[in-house]
Structures are given as structure tokens and as C-alpha cells.
There are 2 protein chains.
Amino acid sequence: MKNVYMIGIGLIGGSFAIDIKAHYPDTVIHGISRKETTLDKALELHLIDKKAKLEDIKNADLVIVSIPVDATVKLLPTILDYIADNTLVIDAGSTKKAICEVVEHHAKRRNFLACHPIAGTENSGPTAAIAGLYKGKTNIICEVEKTTFKLQEKALDLFRAIGMRIRYMDAVSHDKHIAYVSHLSHISSFMLGKTVIEKEKNERDIFDMAGSGFASTVRLAKSSPAMWTPIFKQNKENVIETLEEYIHNLQQFKELMQQDNFESIYNEMESTNHIKQILNGIK
Amino acid sequence: MKNVYMIGIGLIGGSFAIDIKAHYPDTVIHGISRKETTLDKALELHLIDKKAKLEDIKNADLVIVSIPVDATVKLLPTILDYIADNTLVIDAGSTKKAICEVVEHHAKRRNFLACHPIAGTENSGPTAAIAGLYKGKTNIICEVEKTTFKLQEKALDLFRAIGMRIRYMDAVSHDKHIAYVSHLSHISSFMLGKTVIEKEKNERDIFDMAGSGFASTVRLAKSSPAMWTPIFKQNKENVIETLEEYIHNLQQFKELMQQDNFESIYNEMESTNHIKQILNGIK
């Protein structure tokens, strides 16, 4: 793996770059970005060795695409057009159906491996990149059977080296499940932040009264709108379904309060405490 | 401060006990609890030096009440009946109006300081107690003017010693603001947990796909129903108001998605990103 091209060099791409350098010190990391300032920052932070242009990926052993999912859908066919026969292309998008569909009939479909590393923080851009982000995290691979076996192996070697666990899933199931365990969390967090900001115009009051519990529930409201808007758009149907169920449950909780049915409220909370056992496994 | 009596010796009381011992090594900590097993555990963990009965608080220099807020409302008048003239009683309840009201006309009202330390974790019971829980955290004191000046000073010395910042507020404002920055977060978290558990019966799937973002937003769903049910009950009107606004915002977000108005969705998220600056101050 001599030449790796990073298309997008923010939190996800940048953290991949750091780990790849650590495990494959001879690799030359080339950075590609729409924004010159991002590339300059990535060079300055030593995330990449060189700046590159999209057409340069014809020299790539590996291309990692970590840009917003709408940009991935737009660019992925062109990326596959440019690459050589032995190049592996992986993405890191939080949706999988639209991305898989857009290259379904591409002549180089077998060079692409659809991935979703369940890793990240609420920060974004090259300065957010950190070493070891992927260690112990799950990487969901979709439609693995559509990728050439040799390139699957190459990808698995990399994921193993940086410490990821692998799970296989079809793209439709991925998008459905991830709406519940990730996309809905982001909306719940954004709307919680909005509700509190709207009400508490005096920030000093929020600051002084808010504790770690509040910070924890609204942490995701710091996330990048440029990254999340296209995710919600691509996963619209599933996300709306989760939102409807979430709103229904909140509505019901409110009605129980209005009816002074605090016994049921106690039971609701007690049965949800069960989340403890589920969360114990999440790093 | 020779004799400190802890009424309730869970996360909050136990953590107070640890810090008091650290800063006032000569203090004898007496534990009072409805449950004998809690006292045994607290003794075993060296949170308390001795078990005690409620009537023993006549010997107290300081009484710290950290039990569910419904129990505080029930017990606080009796506690004030029992204490000596120079005893300071503080509570740590997440609601303040009902607690202040129940002792409003008590002959020993001036021995009581109504407090809400904004500190805690999602865990409960004596085993959840930790050293330094209160360091750098805010303690909201309500109706300070109703407490004898000398006992105010005594309380402030303690809070200063264990590293707390003090904010003064009236009980009605406290309950209104705290509904937004704490109580609503808990409901949002519980209902998020419920929504996901209901949908994803196969826990293995949740476990594998959920990342740190999900864990962060549902962390509070591990909280104790015995503690939170009476909080919601006592702060019913304020909590319902926050819930209505939160549901309204979620509903609106869903409608924007249904209308494919992703430009507005982008703007919603971007303006809520402002929470970053607010959260920077929260530890």
C-alpha cells in the first residue's frame, strides 16, 4: 500500500490518515479536497504528505472517500472511472443505500467496498482528526459480495491493523437500523439544544445551571450541518419513521404526566433502565 | 463540624461524605437510611463511620438530606423538629419550590439552607459515590435570606472547601430553568432509549451499530426512576411546558423533512451549533 489518496481530510479521513501512517510508515498520503485551506491545514498537521487532484487517483493503491454523503453519491462514479484495475476504493458514509445504488452498474463496482465506521466525535475538519479513533470500533460493511475478493482482503488487513471489528449487513438494513441508533440521536440532540436556547436567552443562566447530564444529551448538537443535512435527506423515510415513534413516546409521557399517572411514568423509566446492559458494550 | 448526619447515603450523600472526610478529617459521619442494606454498604465502603436513627440528629452540627424529593418534602419538617438550635440542615433536591414551601412557616426555617448541587452521574446508591464529585460544579442556593447568617457562612465554608461555585436564585425560577437544562434532558434520553429498544428487539444489532453518540444521548436513561418520578411530579407544570416545546420542535423538524425543505433543516442545525459556545463552560 504505497499510495493512499484521501478524498476529504476532516475528522474521519484525517483520523484514517494518522492510523495508516502509524501502521504503514512507508505509505505516501495524498490529500484531495474542494477547499485549498483544508489541504493546507492537513499538510500543516502532517495528516497528508502531498496535495493532489482527483485525476491523480489513477496512481492510487487505496482511495478513502470521506466527504458528505451527497458529495459521495455525486463523485463516486467519477472516482471509479479514474482508478486503475487494482485500486481499492472505500467510503465512510453514514448512509449506504444511495451510495451503493449509484455505482450498482458501474464497470468498476468490484473495486469499491461500502463501509460505515461507527466512530467519530461531534467535531469536524482536519483539526478534529485524532489517532486511534477506530480502535475497538465497529465497521459496517455492506454488499461485501460485490467487491473483488482480493480487495476485500486488502481492506480487512487495514481495518484489522487499526483495530476495527467488522460486521456485514445489507445496505437497506443498515440505513434502517442506523436511523434508530445514530440519526435519531442527532435530531433529538439538535432539537433539545434548540428548545433550551430558545427559552433561555440569557446564556449565563444556562451555563450556570447545566450539568454534565445536559452536556451529554446535547453534545451531538455541535455536529456539522454540512455533513448531517445530506444524511437526513438520503435516509429520509427511515428517519421520519424514527421521529414519529420518538414523538409518539414523548407525547405519551407528557399525557401520563398530565393525568398524574406517575406510577406508569415510574414503570416507563424502569423498563428503559434496561439500556444499561446494552450500553455496557459500547465504547 | 464534629458530627455530620447524612440522611440518604447514595451517589449525592455518599460523595458529600467522602469530600467532607477529606477536608475535615476529625468529623464523624453518621448515616441514616430507610434501608439497613444501604447503611451496611455505606459502612463497608467507609462512607460513614456509624449508623444512626433520625432522632439522633439532635446531636448534629450538620445534616445533609439527599433522598428523593418526595421523601424530603415529607421528612424535612420532622428533621427541623428534631435538630438543635445551631444545627445546619441542607438538602440537595433537584426541585426547590415544594421543598421550600413545606418548611416556610416552620419555627426552625432559619436552620435550613435549600441547595441544589448541579452534580451527579447516571448511577445511584452508595457504590456510585465518588471523591471530588462537586469540584468545580455549581451549587444553586435558594431563598438564602431565609437562613441564619451564621449557618449560611458555615455552609459556604463547606462548599468552598469541596470546590463548589455558588449561584443564588429564587425557588420558582430554579424550578423553571432546571426543567429546561436538566429535567427535559432526562425525558428526552429515556424516550430515546425506549424508542430504540422497542424497535430493535435484537440487542446484538443495537450494540454493534451504536456508537459513542448514541451512548451519550441515552446515558441519562440509566437514571433511577425512584429519584426521577417525584422530581417530575413536583415540577409537573414546568416539565410539561418544556416537553410541549420540545415535541413542537421535533414535529416541525419532521415536517421540514416531509416537505423536502433541507435548506431549512441545514439552517436549524447551524443555528443550534451555537450550543458549542454554551457547552464550553460546562465540565
# chains A, B, ... in the order shown; residues from 1 in each chain; ligands from 1
call {"tool": "interface_residues", "arguments": {"of": "chain A", "to": "chain B", "cutoff": "6 Å", "atoms": "only C-alpha atoms", "output": "PDB file with N, CA, C and O atoms, in the first residue's frame"}}
result
ATOM      1  N   ILE A 118     -18.335   3.069  12.592  1.00  0.00           N
ATOM      2  CA  ILE A 118     -19.139   3.711  13.642  1.00  0.00           C
ATOM      3  C   ILE A 118     -18.160   4.362  14.613  1.00  0.00           C
ATOM      4  O   ILE A 118     -17.834   3.818  15.672  1.00  0.00           O
ATOM      5  N   TYR A 180     -32.178   4.563  13.773  1.00  0.00           N
ATOM      6  CA  TYR A 180     -32.535   4.498  15.194  1.00  0.00           C
ATOM      7  C   TYR A 180     -31.359   4.796  16.110  1.00  0.00           C
ATOM      8  O   TYR A 180     -31.486   5.565  17.051  1.00  0.00           O
ATOM      9  N   VAL A 181     -30.222   4.182  15.839  1.00  0.00           N
ATOM     10  CA  VAL A 181     -29.133   4.293  16.811  1.00  0.00           C
ATOM     11  C   VAL A 181     -28.163   5.430  16.531  1.00  0.00           C
ATOM     12  O   VAL A 181     -27.233   5.642  17.297  1.00  0.00           O
ATOM     13  N   SER A 182     -28.384   6.168  15.471  1.00  0.00           N
ATOM     14  CA  SER A 182     -27.495   7.305  15.241  1.00  0.00           C
ATOM     15  C   SER A 182     -28.234   8.541  14.743  1.00  0.00           C
ATOM     16  O   SER A 182     -28.157   9.598  15.354  1.00  0.00           O
ATOM     17  N   SER A 185     -30.647  10.078  17.295  1.00  0.00           N
ATOM     18  CA  SER A 185     -29.906  10.703  18.399  1.00  0.00           C
ATOM     19  C   SER A 185     -29.470  12.116  18.043  1.00  0.00           C
ATOM     20  O   SER A 185     -29.484  13.015  18.884  1.00  0.00           O
ATOM     21  N   LYS A 194     -31.972  23.328  20.614  1.00  0.00           N
ATOM     22  CA  LYS A 194     -32.819  24.419  20.124  1.00  0.00           C
ATOM     23  C   LYS A 194     -33.845  24.845  21.178  1.00  0.00           C
ATOM     24  O   LYS A 194     -34.029  26.032  21.440  1.00  0.00           O
ATOM     25  N   THR A 195     -34.518  23.874  21.770  1.00  0.00           N
ATOM     26  CA  THR A 195     -35.555  24.166  22.762  1.00  0.00           C
ATOM     27  C   THR A 195     -34.993  24.982  23.924  1.00  0.00           C
ATOM     28  O   THR A 195     -35.595  25.955  24.374  1.00  0.00           O
ATOM     29  N   VAL A 196     -33.825  24.577  24.386  1.00  0.00           N
ATOM     30  CA  VAL A 196     -33.240  25.260  25.541  1.00  0.00           C
ATOM     31  C   VAL A 196     -32.727  26.647  25.158  1.00  0.00           C
ATOM     32  O   VAL A 196     -32.941  27.623  25.878  1.00  0.00           O
ATOM     33  N   ALA A 210     -26.595  24.223  33.932  1.00  0.00           N
ATOM     34  CA  ALA A 210     -26.496  22.979  33.178  1.00  0.00           C
ATOM     35  C   ALA A 210     -25.336  22.147  33.698  1.00  0.00           C
ATOM     36  O   ALA A 210     -24.263  22.665  33.972  1.00  0.00           O
ATOM     37  N   GLY A 211     -25.570  20.880  33.843  1.00  0.00           N
ATOM     38  CA  GLY A 211     -24.527  19.986  34.329  1.00  0.00           C
ATOM     39  C   GLY A 211     -24.090  19.028  33.244  1.00  0.00           C
ATOM     40  O   GLY A 211     -24.415  19.203  32.064  1.00  0.00           O
ATOM     41  N   PHE A 214     -26.926  17.415  30.926  1.00  0.00           N
ATOM     42  CA  PHE A 214     -27.351  18.237  29.789  1.00  0.00           C
ATOM     43  C   PHE A 214     -26.267  18.221  28.703  1.00  0.00           C
ATOM     44  O   PHE A 214     -26.566  18.018  27.518  1.00  0.00           O
ATOM     45  N   SER A 216     -24.134  16.058  28.007  1.00  0.00           N
ATOM     46  CA  SER A 216     -24.102  14.758  27.355  1.00  0.00           C
ATOM     47  C   SER A 216     -25.232  14.612  26.323  1.00  0.00           C
ATOM     48  O   SER A 216     -25.011  14.140  25.204  1.00  0.00           O
ATOM     49  N   THR A 217     -26.427  15.067  26.680  1.00  0.00           N
ATOM     50  CA  THR A 217     -27.558  14.896  25.757  1.00  0.00           C
ATOM     51  C   THR A 217     -27.514  15.872  24.576  1.00  0.00           C
ATOM     52  O   THR A 217     -28.085  15.581  23.543  1.00  0.00           O
ATOM     53  N   ALA A 221     -25.421  18.112  19.164  1.00  0.00           N
ATOM     54  CA  ALA A 221     -25.926  19.332  18.514  1.00  0.00           C
ATOM     55  C   ALA A 221     -24.784  20.237  18.056  1.00  0.00           C
ATOM     56  O   ALA A 221     -25.007  21.269  17.439  1.00  0.00           O
ATOM     57  N   LYS A 222     -23.557  19.830  18.340  1.00  0.00           N
ATOM     58  CA  LYS A 222     -22.398  20.555  17.813  1.00  0.00           C
ATOM     59  C   LYS A 222     -22.024  20.043  16.420  1.00  0.00           C
ATOM     60  O   LYS A 222     -21.149  20.597  15.763  1.00  0.00           O
ATOM     61  N   PRO A 225     -23.688  20.662  10.171  1.00  0.00           N
ATOM     62  CA  PRO A 225     -24.898  20.640   9.325  1.00  0.00           C
ATOM     63  C   PRO A 225     -24.573  20.201   7.896  1.00  0.00           C
ATOM     64  O   PRO A 225     -25.393  19.548   7.254  1.00  0.00           O
ATOM     65  N   THR A 229     -27.094  17.250   7.003  1.00  0.00           N
ATOM     66  CA  THR A 229     -28.257  17.513   6.145  1.00  0.00           C
ATOM     67  C   THR A 229     -28.392  16.448   5.043  1.00  0.00           C
ATOM     68  O   THR A 229     -29.464  15.851   4.888  1.00  0.00           O
ATOM     69  N   TYR A 246     -40.530   8.410  18.127  1.00  0.00           N
ATOM     70  CA  TYR A 246     -39.964   9.165  19.237  1.00  0.00           C
ATOM     71  C   TYR A 246     -40.976  10.214  19.734  1.00  0.00           C
ATOM     72  O   TYR A 246     -41.233  10.324  20.940  1.00  0.00           O
ATOM     73  N   TYR A 266     -43.046   5.926  36.357  1.00  0.00           N
ATOM     74  CA  TYR A 266     -42.008   5.141  37.037  1.00  0.00           C
ATOM     75  C   TYR A 266     -41.713   3.867  36.236  1.00  0.00           C
ATOM     76  O   TYR A 266     -40.554   3.544  35.962  1.00  0.00           O
ATOM     77  N   MET A 269     -39.761   4.412  32.988  1.00  0.00           N
ATOM     78  CA  MET A 269     -38.338   4.649  33.217  1.00  0.00           C
ATOM     79  C   MET A 269     -37.623   3.379  33.640  1.00  0.00           C
ATOM     80  O   MET A 269     -36.529   3.087  33.186  1.00  0.00           O
ATOM     81  N   GLU A 270     -38.304   2.635  34.513  1.00  0.00           N
ATOM     82  CA  GLU A 270     -37.668   1.399  34.990  1.00  0.00           C
ATOM     83  C   GLU A 270     -37.407   0.422  33.845  1.00  0.00           C
ATOM     84  O   GLU A 270     -36.347  -0.193  33.773  1.00  0.00           O
ATOM     85  N   THR A 272     -36.947   1.144  30.786  1.00  0.00           N
ATOM     86  CA  THR A 272     -35.925   1.678  29.884  1.00  0.00           C
ATOM     87  C   THR A 272     -34.528   1.622  30.515  1.00  0.00           C
ATOM     88  O   THR A 272     -33.522   1.632  29.814  1.00  0.00           O
ATOM     89  N   ASN A 273     -34.477   1.515  31.833  1.00  0.00           N
ATOM     90  CA  ASN A 273     -33.186   1.334  32.519  1.00  0.00           C
ATOM     91  C   ASN A 273     -32.378   0.170  31.949  1.00  0.00           C
ATOM     92  O   ASN A 273     -31.149   0.130  32.060  1.00  0.00           O
ATOM     93  N   LYS A 276     -28.988   0.080  30.238  1.00  0.00           N
ATOM     94  CA  LYS A 276     -27.683  -0.102  30.902  1.00  0.00           C
ATOM     95  C   LYS A 276     -26.909  -1.268  30.327  1.00  0.00           C
ATOM     96  O   LYS A 276     -25.743  -1.164  29.993  1.00  0.00           O
TER      97      LYS A 276
END
call {"tool": "residues_around", "arguments": {"residues": "Asp170 (chain B)", "least_positions_apart": "5", "cutoff": "10 Å", "atoms": "only C-alpha atoms", "output": "VMD selection string"}}
result
chain B and resid 96 to 97 100 140 to 144 175
call {"tool": "write_last_selection", "arguments": {"atoms": "N, CA, C and O atoms", "output": "PDB file, in the first residue's frame"}}
result
ATOM      1  N   LYS B  96     -37.025  22.791  44.038  1.00  0.00           N
ATOM      2  CA  LYS B  96     -36.826  23.637  45.214  1.00  0.00           C
ATOM      3  C   LYS B  96     -38.126  24.235  45.748  1.00  0.00           C
ATOM      4  O   LYS B  96     -38.234  24.501  46.934  1.00  0.00           O
ATOM      5  N   LYS B  97     -39.114  24.441  44.887  1.00  0.00           N
ATOM      6  CA  LYS B  97     -40.326  25.144  45.325  1.00  0.00           C
ATOM      7  C   LYS B  97     -41.074  24.358  46.411  1.00  0.00           C
ATOM      8  O   LYS B  97     -41.353  24.889  47.494  1.00  0.00           O
ATOM      9  N   CYS B 100     -39.093  24.190  49.688  1.00  0.00           N
ATOM     10  CA  CYS B 100     -39.098  25.438  50.454  1.00  0.00           C
ATOM     11  C   CYS B 100     -40.468  25.711  51.074  1.00  0.00           C
ATOM     12  O   CYS B 100     -40.565  26.171  52.214  1.00  0.00           O
ATOM     13  N   ILE B 140     -26.673  25.642  43.463  1.00  0.00           N
ATOM     14  CA  ILE B 140     -27.697  26.685  43.438  1.00  0.00           C
ATOM     15  C   ILE B 140     -28.371  26.750  44.803  1.00  0.00           C
ATOM     16  O   ILE B 140     -28.897  25.747  45.291  1.00  0.00           O
ATOM     17  N   ILE B 141     -28.293  27.917  45.405  1.00  0.00           N
ATOM     18  CA  ILE B 141     -28.891  28.110  46.730  1.00  0.00           C
ATOM     19  C   ILE B 141     -30.137  28.973  46.568  1.00  0.00           C
ATOM     20  O   ILE B 141     -30.095  30.017  45.927  1.00  0.00           O
ATOM     21  N   CYS B 142     -31.245  28.487  47.131  1.00  0.00           N
ATOM     22  CA  CYS B 142     -32.498  29.228  47.003  1.00  0.00           C
ATOM     23  C   CYS B 142     -32.901  29.874  48.324  1.00  0.00           C
ATOM     24  O   CYS B 142     -32.659  29.303  49.395  1.00  0.00           O
ATOM     25  N   GLU B 143     -33.525  31.016  48.225  1.00  0.00           N
ATOM     26  CA  GLU B 143     -34.060  31.724  49.404  1.00  0.00           C
ATOM     27  C   GLU B 143     -33.014  31.866  50.493  1.00  0.00           C
ATOM     28  O   GLU B 143     -33.299  31.643  51.681  1.00  0.00           O
ATOM     29  N   VAL B 144     -31.805  32.243  50.104  1.00  0.00           N
ATOM     30  CA  VAL B 144     -30.695  32.302  51.064  1.00  0.00           C
ATOM     31  C   VAL B 144     -31.024  33.210  52.253  1.00  0.00           C
ATOM     32  O   VAL B 144     -30.596  32.965  53.385  1.00  0.00           O
ATOM     33  N   ASP B 175     -36.874  26.153  39.595  1.00  0.00           N
ATOM     34  CA  ASP B 175     -37.648  25.025  39.061  1.00  0.00           C
ATOM     35  C   ASP B 175     -37.963  25.209  37.575  1.00  0.00           C
ATOM     36  O   ASP B 175     -38.010  24.238  36.810  1.00  0.00           O
TER      37      ASP B 175
END
call {"tool": "residues_around", "arguments": {"residues": "Glu104 (chain B)", "least_positions_apart": "5", "cutoff": "10 Å", "atoms": "only C-alpha atoms", "output": "PyMOL selection string"}}
result
chain B and resi 77+98-99+109-110+146
call {"tool": "closest_residue", "arguments": {"among": "A:Asp49, A:Glu145, A:Asp81, A:Glu44", "to": "Ile29 (chain A)", "atoms": "only C-alpha atoms"}}
result
A:Asp49
call {"tool": "residues_around", "arguments": {"residues": "Ile67 (chain B)", "least_positions_apart": "2", "cutoff": "9 Å", "atoms": "only C-alpha atoms", "output": "PDB file with N, CA, C and O atoms, in the first residue's frame"}}
result
ATOM      1  N   ILE B   7     -28.630  11.998  55.792  1.00  0.00           N
ATOM      2  CA  ILE B   7     -29.916  11.305  55.607  1.00  0.00           C
ATOM      3  C   ILE B   7     -29.994  10.950  54.122  1.00  0.00           C
ATOM      4  O   ILE B   7     -30.166  11.821  53.276  1.00  0.00           O
ATOM      5  N   GLY B   8     -29.803   9.698  53.847  1.00  0.00           N
ATOM      6  CA  GLY B   8     -29.624   9.242  52.468  1.00  0.00           C
ATOM      7  C   GLY B   8     -28.131   9.196  52.189  1.00  0.00           C
ATOM      8  O   GLY B   8     -27.414  10.169  52.443  1.00  0.00           O
ATOM      9  N   ILE B   9     -27.670   8.064  51.719  1.00  0.00           N
ATOM     10  CA  ILE B   9     -26.224   7.903  51.560  1.00  0.00           C
ATOM     11  C   ILE B   9     -25.931   7.207  50.223  1.00  0.00           C
ATOM     12  O   ILE B   9     -25.219   6.229  50.117  1.00  0.00           O
ATOM     13  N   GLY B  10     -26.549   7.777  49.170  1.00  0.00           N
ATOM     14  CA  GLY B  10     -26.339   7.259  47.820  1.00  0.00           C
ATOM     15  C   GLY B  10     -25.254   8.040  47.107  1.00  0.00           C
ATOM     16  O   GLY B  10     -24.288   8.484  47.721  1.00  0.00           O
ATOM     17  N   ILE B  12     -25.239  11.107  45.851  1.00  0.00           N
ATOM     18  CA  ILE B  12     -25.088  12.501  46.286  1.00  0.00           C
ATOM     19  C   ILE B  12     -24.579  12.581  47.732  1.00  0.00           C
ATOM     20  O   ILE B  12     -23.558  13.223  48.016  1.00  0.00           O
ATOM     21  N   GLY B  13     -25.280  11.901  48.642  1.00  0.00           N
ATOM     22  CA  GLY B  13     -24.870  11.920  50.046  1.00  0.00           C
ATOM     23  C   GLY B  13     -23.513  11.269  50.243  1.00  0.00           C
ATOM     24  O   GLY B  13     -22.657  11.788  50.966  1.00  0.00           O
ATOM     25  N   SER B  33     -30.667   5.834  56.983  1.00  0.00           N
ATOM     26  CA  SER B  33     -31.328   5.385  55.758  1.00  0.00           C
ATOM     27  C   SER B  33     -32.507   4.501  56.111  1.00  0.00           C
ATOM     28  O   SER B  33     -32.513   3.844  57.157  1.00  0.00           O
ATOM     29  N   VAL B  65     -29.464  16.254  53.689  1.00  0.00           N
ATOM     30  CA  VAL B  65     -30.602  15.435  53.260  1.00  0.00           C
ATOM     31  C   VAL B  65     -30.460  15.175  51.765  1.00  0.00           C
ATOM     32  O   VAL B  65     -30.571  16.088  50.947  1.00  0.00           O
ATOM     33  N   VAL B  69     -36.928  13.627  46.254  1.00  0.00           N
ATOM     34  CA  VAL B  69     -37.558  14.882  46.671  1.00  0.00           C
ATOM     35  C   VAL B  69     -38.925  14.709  47.334  1.00  0.00           C
ATOM     36  O   VAL B  69     -39.325  15.549  48.145  1.00  0.00           O
ATOM     37  N   ASP B  70     -39.636  13.632  47.030  1.00  0.00           N
ATOM     38  CA  ASP B  70     -40.914  13.418  47.726  1.00  0.00           C
ATOM     39  C   ASP B  70     -40.670  13.064  49.196  1.00  0.00           C
ATOM     40  O   ASP B  70     -41.381  13.521  50.092  1.00  0.00           O
ATOM     41  N   ALA B  71     -39.622  12.275  49.428  1.00  0.00           N
ATOM     42  CA  ALA B  71     -39.252  11.916  50.798  1.00  0.00           C
ATOM     43  C   ALA B  71     -38.755  13.150  51.554  1.00  0.00           C
ATOM     44  O   ALA B  71     -39.040  13.313  52.747  1.00  0.00           O
ATOM     45  N   THR B  72     -38.046  14.038  50.866  1.00  0.00           N
ATOM     46  CA  THR B  72     -37.564  15.269  51.503  1.00  0.00           C
ATOM     47  C   THR B  72     -38.741  16.122  51.964  1.00  0.00           C
ATOM     48  O   THR B  72     -38.762  16.615  53.099  1.00  0.00           O
ATOM     49  N   ASP B  91     -30.256  20.480  51.927  1.00  0.00           N
ATOM     50  CA  ASP B  91     -30.752  19.391  51.091  1.00  0.00           C
ATOM     51  C   ASP B  91     -30.036  19.476  49.744  1.00  0.00           C
ATOM     52  O   ASP B  91     -29.195  20.367  49.522  1.00  0.00           O
ATOM     53  N   ALA B  92     -30.343  18.556  48.848  1.00  0.00           N
ATOM     54  CA  ALA B  92     -29.671  18.523  47.554  1.00  0.00           C
ATOM     55  C   ALA B  92     -30.667  18.218  46.439  1.00  0.00           C
ATOM     56  O   ALA B  92     -30.307  17.732  45.381  1.00  0.00           O
ATOM     57  N   GLY B  93     -31.932  18.544  46.690  1.00  0.00           N
ATOM     58  CA  GLY B  93     -33.005  18.154  45.770  1.00  0.00           C
ATOM     59  C   GLY B  93     -32.989  18.900  44.447  1.00  0.00           C
ATOM     60  O   GLY B  93     -32.638  20.065  44.378  1.00  0.00           O
ATOM     61  N   MET B 227     -35.762   8.190  42.009  1.00  0.00           N
ATOM     62  CA  MET B 227     -35.341   9.563  42.207  1.00  0.00           C
ATOM     63  C   MET B 227     -36.091  10.504  41.264  1.00  0.00           C
ATOM     64  O   MET B 227     -36.480  11.602  41.649  1.00  0.00           O
TER      65      MET B 227
END
call {"tool": "select_by_dssp", "arguments": {"residues": "region 187-258 of chain B", "states": "alpha helix (DSSP H)", "output": "PyMOL selection string"}}
result
chain B and resi 187-199+203-209+212-218+225-234+236-258
call {"tool": "residues_around", "arguments": {"residues": "region 148-162 of chain A", "least_positions_apart": "4", "cutoff": "10 Å", "atoms": "only C-alpha atoms", "output": "number ranges by chain"}}
result
A: 1, 16, 19-20, 22-24, 61-62, 86-90, 108-113, 115, 117, 131-139, 144, 166
call {"tool": "select_by_dssp", "arguments": {"residues": "region 42-272 of chain A", "states": "strand (DSSP E)", "output": "list in words"}}
result
Lys50, Lys51, Leu62, Val63, Ile64, Val65, Leu88, Val89, Ile90, Asp91, Phe112, Leu113, Ala114, Cys115, His116, Pro117, Thr138, Asn139, Ile140, Ile141, Cys142, Arg165, Ile166, Arg167, Tyr168 and Met169 of chain A
call {"tool": "write_last_selection", "arguments": {"atoms": "C-alpha atoms", "output": "short mmCIF file (atom, residue, chain, number, x, y, z; two decimals), in the first residue's frame"}}
result
data_model
loop_
_atom_site.label_atom_id
_atom_site.label_comp_id
_atom_site.auth_asym_id
_atom_site.auth_seq_id
_atom_site.Cartn_x
_atom_site.Cartn_y
_atom_site.Cartn_z
CA LYS A 50 1.14 15.86 -0.57
CA LYS A 51 -1.73 17.70 -2.14
CA LEU A 62 -6.22 2.83 -1.95
CA VAL A 63 -8.72 5.69 -2.12
CA ILE A 64 -10.66 6.63 1.01
CA VAL A 65 -13.73 8.77 0.40
CA LEU A 88 -9.45 -0.32 -3.72
CA VAL A 89 -11.98 2.45 -3.01
CA ILE A 90 -13.72 2.61 0.36
CA ASP A 91 -16.14 5.19 1.71
CA PHE A 112 -15.48 -0.42 -4.25
CA LEU A 113 -16.17 -1.53 -0.68
CA ALA A 114 -19.10 0.25 1.03
CA CYS A 115 -18.16 0.95 4.65
CA HIS A 116 -19.53 2.76 7.65
CA PRO A 117 -17.07 3.03 10.50
CA THR A 138 -17.30 -1.38 14.55
CA ASN A 139 -17.03 -1.05 10.80
CA ILE A 140 -20.20 -2.00 8.99
CA ILE A 141 -19.51 -3.33 5.51
CA CYS A 142 -22.40 -3.51 3.06
CA ARG A 165 -14.40 -5.04 14.39
CA ILE A 166 -16.26 -5.96 11.23
CA ARG A 167 -20.00 -6.53 10.76
CA TYR A 168 -21.65 -7.35 7.45
CA MET A 169 -25.07 -6.04 6.52
#
call {"tool": "atom_distance", "arguments": {"atom1": "CA of Asp40 (chain B)", "atom2": "CA of Thr27 (chain B)"}}
result
19.5 Å
call {"tool": "atom_distance", "arguments": {"atom1": "CA of Ser94 (chain A)", "atom2": "CA of Lys58 (chain A)"}}
result
26.1 Å
